[in-house]
Amino acid sequence: MARTARLAVPWLALIGLAAAALIALLVAFPLGLTVLRLFFGEGQLAMTGWNQMMEEPGLGKVLLNTVIFVGASGLIALAIGAVFAWLTERTDAGLGWASDVVPLVPLLLPSLAGTVGWVFLMAPKTGYVNIILRHLTGSEEIEGPFNIFSMAGMIFVAAMYLVPYAYLTLAAALRNLDASLEEASRVSGGGIFRTFFRISMPAITPALISAMILILMAGIGLFSIPAVLGTRPETKVLSYLMYVVVEREYPPRIAEAIVLSVLALSVIQVALLAQWLFSGRRFQTMGARGLARASIPLGVWRTPARIVMIVYVAGAAVLPLAALILVSLQRFWTPDINWGQLGFYNYAYIFMEKPVVVDALKNSLQLGLAVAVLGMAVATVLSYYVSRRPGILTRMADNVAMLPATIPHIIMGIAFIVAFTPKPFALYGTTTLLFLAYLAIYMPQAMQSSKFAFSQVSPDLMEASRVFGAGELKSFVRIMMPLIMPSTLAGMLILAILTMVETNASVILAKVNNPVLGPTLFILWYDGLVPPVAALSVVICAFNGLIALASLYLGRTLSYGR
Amino acid sequence: MTVSSPGDNTPAVSVRNVRKVFRSQGGTVAALDDLSIDVYPGELVVLLGPSGCGKTTLLRSIAGLETPDAGEISINSVVVFSSATRQMVLPEARNVSMVFQSYALWPHFSVFNNVAYPLRARGVPKGQIAGQVEQALDTVSCLHLKDRYPHQLSGGQQQRIALARAIVARQGVILFDEPLSNVDAKVRERLRIELVLLQRKLGFAAVYVTHDQTEAMIVGDRIAVLDRGRIVQIGTPTQIYNEPATRYVADFIGTSNFLPGTVGAQDGDELLVQTSIGLARCPAPAWPCSPGQKVEVFFRPEHCEIAASLTAQVNCWRCSVETKVNMGPNREYILRAGEHRLLAWTTSSVAAIDEPELDLHVPAAKVRLLPATEGTLPSAGEAQ
C-alpha cells in the first residue's frame with residue numbers, strides 16, 4: 001500500500017542529475033580546464049602565455065584604456081540608471097512604457113548594429129549629427145565637432161548599453177523600498193535632491209553595489225563597441241586584444257589569451273568577493289511588504305525629468321536605428337542624402353549576392369531555436385529540482401549554471417576552444433561547438449526565466465493536486481506545465497533573440513564553414529561593405545523587435561487572468 | 001448523520017506523539033511538540049491558536065505535505081506516517097481532501113474541470129464523473145458556474161468551488177486550512193454557517209485550522225487550543241469558553257478579567273483568594289492547590305453586575321470608571337480597581353450609569369481559579 005517518498009521520486013532525481021551533469025560539462029569543465037592550463041599547461045604554457053603577454057607592445061596602455069573605458073562608461077551608466085530608476089519607481093514623472101522599453105533596448109538593437117548606427121551619426125566627417133551641427137553653426141571645418149572613433153566616443157556608446165544593467169537592478173530595489181522612508185524625509189523638510197541622495201540611494205546601497213558589479217562584468221565583456229570604434233593602438237582595450245591574439249594573428253596565441261582571460265576573471269572574482277564580504281555587515285533591505293507604490297510629486301521638475309528620459313530612449317535606440325535605416329537605403333554611404341535615389345539595393349545585395357549572409361541567417365535561426373528549446377528544457381528541470389530538493393548538491397548545480405553570467409562571452413569562447421579542441425571532442429570549428437557554447441553562455445538567462453516562471457505559480461496549486469490524488473509527475477504535467485508555459489515560451493523567445501545576435505563568443509568560435517549573424521555582420525564591416533551592414537542590421541532589428549513583442553504579449557495575455 | 005461522541009468508535013484521524021522541528025539560524029523551533037489528537041468520524045475539530053503555534057504544520061502533516069520528525073499518524077486506521085517503521089504515504093495516496101487558504105483553484109481549468117480533478121486522478125470511471133461533479137456543485141449552489149474559470153469568480157464563489165472539489169470524492173476526511181480568511185466579513189459569516197450545515201449533512205470528519213476564535217466557536221464540535229506545538233486544552237466550545245484550563249486559553253477565547261492572588265482559607269466547596277483589591281471567593285478548582293499558592297482569579301465581563309452602589313458581601317469591588325464604550329448589543333465599562341483594569345458588560349438597552357465610581361460584583365459561581373503561570377497545568381493534554 002504505502003508508496004514511500006524514497007521510491008516515488010527517482011524520475012525527478014534522475015532528470016535533475018542529468019541536467020546538473022550537462023551543466024557541469026558545459027560550464028565547469030571548460031572554465032576549470034582553462035584555469036588549470038595556466039598552471040599545468042603542456043610545454044610551459046603558463047610561461048609562454050605570460051611571456052607573450054609581457055611582450056605585447058603597449059600592454060600597459062591597453063590595461064589603462066580598459067580601466068578608463070569600463071570605469072567611465074560604468075559610472076555614467078550607473079548615474080543615468082539610478083536617476084531613471086528613481087524617477088520611474090518613486091516619483092510621478094514615471095512614463096508607464098519607459099520601464100518596459102529601457103531594458104529591451106539592447107535586445108532590440110544588438111550592440112554591433114547600435115555602434116554602427118552611432119558611426120553614421122557621429123563619424124567626424126560624414127556623421128549626420130556633425131553635418132547638421134556644422135551647418136547650424138556655420139562652421140567652415142570639414143570635421144567634427146564630434147568624433148565617435150575616440151575613447152570619449154567609445155565611452156558614450158558603452159554607457160548607453162550599460163544603463164539597463166543599472167536600471168533593472170536599482171528599479172527592483174526601489175520598488176521594494178518602504179515609501180514612508182522618503183515621505184518622512186519630505187515631511188521633515190528634505191527637498192527632492194536631498195531625499196534622493198540622503199535617503200533613497202543610501203537605502204539601496206546593496207543594490208547599488210550589485211549594479212556596479214554587473215556593470216563591471218558587462219563592461220569588461222563589451223566587444224563590438226571597441227572593435228568598431230577603438231581599433232587604433234591608443235584606444236585598444238582588453239576584450240579587443242583578446243580577439244586579436246586569437247583570431248587576427250597567425251598562429252593564434254591561445255596561451256596569451258588564456259593568461260589575459262584569467263587576469264580579467266580575477267578582477268571580476270575579486271569584485272564579487274568584496275561584495276560578499278561587504279554584504280556581511282548588512283544594510284537592512286527594507287521589507288517587501290507589498291506597500292502602496294510611492295509617488296513623490298516633482299512639481300516643476302516633472303516635465304524636464306520626462307524630457308530627459310525620452311531623449312535617452314531616443315538616443316539609445318531611435319536615432320541610431322533611424323541612421324541605420326537611412327544608410328541601408330543608400331547605394332553608397334554618403335552624407336548627402338538624395339531622397340529620390342533611396343531604394344532596397346543593399347537588401348537585394350545581401351540576400352541575392354552574398355550567400356554567406358543567407359547561410360548565417362539560416363544557421364543563427366536554427367541555433368537560436370535549438371538553444372531556446374533545449375536551454376529552457378534543461379533550465380526548467382534543473383530549477384524545479386533545485387526548488388524541490390534543497391541541499392548542497394542542488395545549490396552547487398544552481399551556482400554552476402549561473403556562473404557564465406559573471407564571465408565575458410569572449411572568455412567563454414576561449415575556454416570552449418581550450419576545452420573542446422583536443423580529442424575526444426575535436427569540436428573546433430563546428431556548429432556543435434557554437435551550440436554548446438551558446439547553451440552555456442545563456443544558461444543563467446534560461447535559469448532566471450524558468451525560476452521566474454515557477455515563482456508565478458503558487459506552491460498551493462501543486463500541493464492541491466497531490467492531495468486530490470495525482471502523483472508528482474502527473475501533477476507536474478497536468479498542473480505545473482500548463483501554468484509555466486506562457487513564461488517559458490517568453491523565456492524561449494528571449495533566449496532565441498540573444499543567441500541569434502550573439503557576437504562576442506561567436507567571432508572566436510564561428511569559422512568560414514559555419515557562419516552566424518554576429519561575426520558575419522562584423523566581417524562585412526571590416527570589408528568596408530557599409531550600406532549592406534546597415535541593411536543586415538535593420539533586418540536583425542526588425543526580426544528581434546517582432547520576437548520581443550511576441551514575448552511581451554505572451555508574458556501578459558496568457559497568464560490566465562492574473 | 002449524527003455527531004459521534006468521542007470514544008465509541010475508531011478515530012478517522014489519529015495523531016500520536018508527533019514531533020516536528022524547524023531549524024532556523026542559531027536555533028530550532030518545535031512546531032509540533034509530542035502532540036497527540038484524535039478526530040472521530042462525523043466530527044469537526046478546530047485547531048485554534050496564534051500564528052506560529054503549529055496548527056498549520058499539524059494539518060499539513062496529516063495531508064502528507066509535511067513530514068514530521070517523529071510520531072505516528074493514521075487515517076481511517078491506516079498508518080500513513082510512522083517514524084518507527086519509516087513509513088511515509090505520499091499525499092496522493094492518503095484519501096483526504098483539503099480546502100486551502102488560497103483556495104488553490106487551478107487557473108487553467110474551468111470550474112467543472114477543477115471539481116472533476118479528484119475523481120479523474122483517482123480513476124473514477126468516465127461515465128460517473130459528470131454526475132458526481134454536478135451533484136457536488138449543486139450542493140454548494142454553484143452549478144450555474146461550472147463553465148466559468150476561477151478568475152471570473154468572486155472570492156466567495158471561489159471558496160464554494162474549493163469546497164465542492166473537497167467533497168466531490170467523498171473522502172471521509174476533509175482538512176480546512178483557514179478557509180474563510182480571504183473573504184470579506186459578511187460573506188465569511190454566511191459561509192461558515194453553510195459550511196457547518198454541509199458538514200452535518202454529509203457527515204465527513206474535518207480538521208479545521210483557524211486563528212479566529214469566533215469562527216472556532218461557531219464551526220467546531222471540539223476545539224483544540226494550541227500553543228508552541230502543544231495542545232493546551234481540547235473540548236467543546238462551551239467547555240473551552242466556560243472552563244478554560246489556563247490563562248492562555250482564557251485570554252485567547254473571548255474577553256477576560258484576571259486578578260493575580262494568593263490562595264487563602266477553604267470554606268466548604270469554595271476557596272478564598274487574597275488579591276490586591278480584597279478577597280475573592282470562588283469554587284475550589286479540580287486541580288490541586290494549597291494555601292499560599294499563587295493563582296489567577298478569572299471572570300468574564302458579561303458575568304459582572306454593576307451599579308452605583310451594591311450590597312453584595314462577596315466579590316464586590318469599588319471601581320472608578322475610566323470610560324465606557326457602546327459596542328452595539330453591549331455597553332462596555334472600562335474600570336479601574338487598584339492597579340487592575342477590569343471590563344464589565346451590560347446590555348446597551350439598559351440606561352448607562354453616569355457615575356465616576358461604581359460597585360462591581362461577580363457571583364462566586366462565575367469565578368474560576370487558574371494556575372498563576374500558564375502552561376503548568378498537569379492535565380493540559382486531553383481534558384475529557
# chains A, B, ... in the order shown; residues from 1 in each chain; ligands from 1
$ residues_around --residues "Asn76 (chain B)" --least-positions-apart "4" --cutoff "9 Å" --atoms "only C-alpha atoms" --output "list in words"
Thr10, Pro11, Ala12, Val13, Ser14, Pro41, Gly172 and Val173 of chain B
$ residues_around --residues "region 138-141 of chain B" --least-positions-apart "6" --cutoff "8 Å" --atoms "only C-alpha atoms" --output "JSON, numbers by chain"
{"B": [160, 161, 163, 164]}
$ write_last_selection --atoms "C-alpha atoms" --output "PDB file, in the first residue's frame"
ATOM      1  CA  ARG B 160     -17.556  27.355  -2.636  1.00  0.00           C
ATOM      2  CA  ILE B 161     -15.854  25.742  -5.641  1.00  0.00           C
ATOM      3  CA  LEU B 163     -15.440  23.227  -1.070  1.00  0.00           C
ATOM      4  CA  ALA B 164     -17.146  21.362  -3.911  1.00  0.00           C
TER       5      ALA B 164
END
$ closest_residue --among "B:Val133, B:Val79, B:Leu202, B:Val45" --to "Leu175 (chain B)" --atoms "only C-alpha atoms"
B:Val45
$ select_by_dssp --residues "region 92-232 of chain B" --states "helix (DSSP H, G or I)" --output "PyMOL selection string"
chain B and resi 92-93+111-121+126-139+143-145+150-152+155-168+185-202+213-219
$ closest_atom_pairs --of "chain B" --to "chain A" --cutoff "6 Å" --atoms "only C-alpha atoms" --output "JSON lines"
{"residue": "B:Met88", "atom": "CA", "partner": "A:Thr4", "partner_atom": "CA", "distance": 5.3}
{"residue": "B:Val89", "atom": "CA", "partner": "A:Ala2", "partner_atom": "CA", "distance": 5.1}
{"residue": "B:Pro91", "atom": "CA", "partner": "A:Val467", "partner_atom": "CA", "distance": 5.1}
{"residue": "B:Glu92", "atom": "CA", "partner": "A:Gly469", "partner_atom": "CA", "distance": 3.8}
{"residue": "B:Ala104", "atom": "CA", "partner": "A:Leu461", "partner_atom": "CA", "distance": 5.1}
{"residue": "B:Pro118", "atom": "CA", "partner": "A:Phe468", "partner_atom": "CA", "distance": 4.8}
{"residue": "B:Ala121", "atom": "CA", "partner": "A:Ala470", "partner_atom": "CA", "distance": 5.2}
{"residue": "B:Arg122", "atom": "CA", "partner": "A:Gly469", "partner_atom": "CA", "distance": 5.8}
{"residue": "B:His151", "atom": "CA", "partner": "A:Gly561", "partner_atom": "CA", "distance": 5.9}
$ write_last_selection --atoms "C-alpha atoms" --output "mmCIF file, in the first residue's frame"
data_model
loop_
_atom_site.group_PDB
_atom_site.id
_atom_site.type_symbol
_atom_site.label_atom_id
_atom_site.label_comp_id
_atom_site.auth_asym_id
_atom_site.auth_seq_id
_atom_site.Cartn_x
_atom_site.Cartn_y
_atom_site.Cartn_z
ATOM 1 C CA MET B 88 5.536 7.878 4.679
ATOM 2 C CA VAL B 89 2.493 7.579 2.450
ATOM 3 C CA PRO B 91 -0.262 12.846 -0.184
ATOM 4 C CA GLU B 92 -1.956 11.434 -3.293
ATOM 5 C CA ALA B 104 -5.694 26.777 -4.811
ATOM 6 C CA PRO B 118 -10.001 14.495 -7.771
ATOM 7 C CA ALA B 121 -6.911 11.489 -10.574
ATOM 8 C CA ARG B 122 -8.376 8.600 -8.575
ATOM 9 C CA HIS B 151 -10.515 34.318 -12.232
#
$ residues_around --residues "Arg86 (chain B)" --least-positions-apart "3" --cutoff "10 Å" --atoms "only C-alpha atoms" --output "compact mmCIF listing (two decimals) with all heavy atoms, in the first residue's frame"
# COMPACT_ATOMS: atom_id res chain seq x y z
N THR A 4 6.38 4.84 -0.65
CA THR A 4 7.21 5.69 0.20
C THR A 4 7.82 6.81 -0.63
O THR A 4 7.92 6.74 -1.84
CB THR A 4 8.36 4.90 0.84
OG1 THR A 4 9.25 4.54 -0.18
CG2 THR A 4 7.84 3.67 1.54
N ALA B 70 9.03 12.73 14.11
CA ALA B 70 8.76 11.55 14.92
C ALA B 70 7.26 11.43 15.13
O ALA B 70 6.51 12.39 14.95
CB ALA B 70 9.47 11.65 16.27
N GLU B 72 3.41 9.08 14.91
CA GLU B 72 2.64 8.23 14.02
C GLU B 72 1.31 8.91 13.69
O GLU B 72 0.70 9.53 14.55
CB GLU B 72 2.37 6.88 14.70
CG GLU B 72 1.73 5.87 13.77
CD GLU B 72 1.58 4.50 14.43
OE1 GLU B 72 2.62 3.90 14.79
OE2 GLU B 72 0.43 4.06 14.61
N PHE B 81 1.82 7.66 8.36
CA PHE B 81 3.17 8.08 8.71
C PHE B 81 3.56 7.40 10.00
O PHE B 81 2.78 7.36 10.95
CB PHE B 81 3.27 9.60 8.90
CG PHE B 81 4.58 10.02 9.50
CD1 PHE B 81 5.72 10.08 8.70
CD2 PHE B 81 4.70 10.31 10.85
CE1 PHE B 81 6.95 10.43 9.25
CE2 PHE B 81 5.93 10.65 11.40
CZ PHE B 81 7.05 10.71 10.60
N SER B 82 4.78 6.87 10.01
CA SER B 82 5.28 6.30 11.25
C SER B 82 6.79 6.42 11.25
O SER B 82 7.46 5.94 10.34
CB SER B 82 4.87 4.83 11.37
OG SER B 82 5.62 4.24 12.42
N SER B 83 7.32 7.11 12.26
CA SER B 83 8.78 7.23 12.32
C SER B 83 9.38 5.90 12.74
O SER B 83 10.50 5.59 12.36
CB SER B 83 9.17 8.34 13.29
OG SER B 83 8.62 8.10 14.56
N VAL B 89 3.38 7.69 3.60
CA VAL B 89 2.49 7.58 2.45
C VAL B 89 2.40 8.96 1.80
O VAL B 89 2.20 9.96 2.48
CB VAL B 89 1.09 7.09 2.89
CG1 VAL B 89 0.15 7.04 1.69
CG2 VAL B 89 1.21 5.72 3.53
$ residues_around --residues "region 186-194 of chain B" --least-positions-apart "2" --cutoff "8 Å" --atoms "only C-alpha atoms" --output "PyMOL selection string"
chain B and resi 156+180-181+183-184+196-198+215+218-219
$ closest_residue --among "A:Ile540, A:Ser150, A:Gly144, A:Leu241" --to "Val259 (chain A)" --atoms "only C-alpha atoms"
A:Leu241
$ atom_distance --atom1 "CA of Asp227 (chain B)" --atom2 "CA of Cys53 (chain B)"
4.9 Å
$ select_by_dssp --residues "region 340-370 of chain B" --states "strand (DSSP E or B)" --output "list in words"
His340, Arg341, Leu342, Leu343, Ala344, Trp345, Thr346, Thr347, Glu357, Leu358, Asp359, Leu360, His361, Arg368, Leu369 and Leu370 of chain B
$ write_last_selection --atoms "N, CA, C and O atoms" --output "short mmCIF file (atom, residue, chain, number, x, y, z; two decimals), in the first residue's frame"
data_model
loop_
_atom_site.label_atom_id
_atom_site.label_comp_id
_atom_site.auth_asym_id
_atom_site.auth_seq_id
_atom_site.Cartn_x
_atom_site.Cartn_y
_atom_site.Cartn_z
N HIS B 340 -5.47 47.39 38.83
CA HIS B 340 -6.01 46.49 37.81
C HIS B 340 -7.05 47.18 36.95
O HIS B 340 -7.85 47.97 37.45
N ARG B 341 -7.03 46.84 35.67
CA ARG B 341 -8.08 47.30 34.77
C ARG B 341 -9.08 46.15 34.60
O ARG B 341 -8.68 45.02 34.33
N LEU B 342 -10.36 46.42 34.78
CA LEU B 342 -11.40 45.39 34.67
C LEU B 342 -12.43 45.84 33.65
O LEU B 342 -12.69 47.03 33.48
N LEU B 343 -13.02 44.85 32.94
CA LEU B 343 -14.05 45.15 31.94
C LEU B 343 -15.37 44.57 32.41
O LEU B 343 -15.41 43.45 32.94
N ALA B 344 -16.44 45.33 32.22
CA ALA B 344 -17.77 44.82 32.57
C ALA B 344 -18.73 45.17 31.44
O ALA B 344 -18.63 46.26 30.86
N TRP B 345 -19.62 44.20 31.10
CA TRP B 345 -20.58 44.43 30.02
C TRP B 345 -21.99 44.46 30.59
O TRP B 345 -22.36 43.61 31.40
N THR B 346 -22.78 45.40 30.11
CA THR B 346 -24.22 45.35 30.34
C THR B 346 -24.87 45.44 28.98
O THR B 346 -24.22 45.87 28.02
N THR B 347 -26.12 45.02 28.86
CA THR B 347 -26.76 45.19 27.55
C THR B 347 -26.98 46.68 27.35
O THR B 347 -27.23 47.43 28.30
N GLU B 357 -17.68 56.60 39.97
CA GLU B 357 -17.30 55.37 40.66
C GLU B 357 -18.51 54.46 40.74
O GLU B 357 -19.65 54.94 40.75
N LEU B 358 -18.26 53.15 40.75
CA LEU B 358 -19.40 52.23 40.91
C LEU B 358 -18.92 50.94 41.56
O LEU B 358 -17.72 50.71 41.71
N ASP B 359 -19.88 50.09 41.94
CA ASP B 359 -19.56 48.79 42.53
C ASP B 359 -19.67 47.71 41.47
O ASP B 359 -20.58 47.72 40.65
N LEU B 360 -18.71 46.77 41.48
CA LEU B 360 -18.72 45.65 40.55
C LEU B 360 -18.85 44.37 41.37
O LEU B 360 -18.13 44.19 42.35
N HIS B 361 -19.78 43.51 40.93
CA HIS B 361 -19.98 42.26 41.66
C HIS B 361 -19.98 41.08 40.68
O HIS B 361 -20.55 41.18 39.58
N ARG B 368 -13.49 31.64 38.24
CA ARG B 368 -12.66 30.42 38.18
C ARG B 368 -11.25 30.75 38.61
O ARG B 368 -10.77 31.87 38.45
N LEU B 369 -10.62 29.73 39.14
CA LEU B 369 -9.24 29.87 39.57
C LEU B 369 -8.33 29.22 38.53
O LEU B 369 -8.57 28.09 38.11
N LEU B 370 -7.32 29.95 38.11
CA LEU B 370 -6.39 29.40 37.12
C LEU B 370 -4.99 29.40 37.72
O LEU B 370 -4.68 30.23 38.57
#
$ closest_residue --among "A:Ala305, A:Pro252, A:Leu26, A:Phe156" --to "Val83 (chain A)" --atoms "only C-alpha atoms"
A:Ala305
$ closest_residue --among "A:Ser180, A:Thr334, A:Thr66, A:Ser266" --to "Ala123 (chain A)" --atoms "only C-alpha atoms"
A:Thr334
$ residues_around --residues "Leu495 (chain A)" --least-positions-apart "6" --cutoff "9 Å" --atoms "only C-alpha atoms" --output "list in words"
Gly368, Leu369, Val371, Ala372, Val373, Gly375, Met376, Tyr442, Gln445 and Ala446 of chain A
$ closest_residue --among "A:Ile392, A:Val163, A:Val228, A:Asn51" --to "Trp525 (chain A)" --atoms "only C-alpha atoms"
A:Val228
$ residues_around --residues "Leu229 (chain A)" --least-positions-apart "2" --cutoff "10 Å" --atoms "only C-alpha atoms" --output "list in words"
Thr115, Val116, Trp118, Val119, Ala123, Asn147, Ile148, Phe149, Ser150, Met151, Gly153, Met154, Val157, Ser224, Ile225, Pro226, Ala227, Thr231, Arg232, Thr235 and Lys236 of chain A
$ residues_around --residues "Ser320 (chain B)" --least-positions-apart "6" --cutoff "6 Å" --atoms "only C-alpha atoms" --output "number ranges by chain"
B: 335-336, 356-357
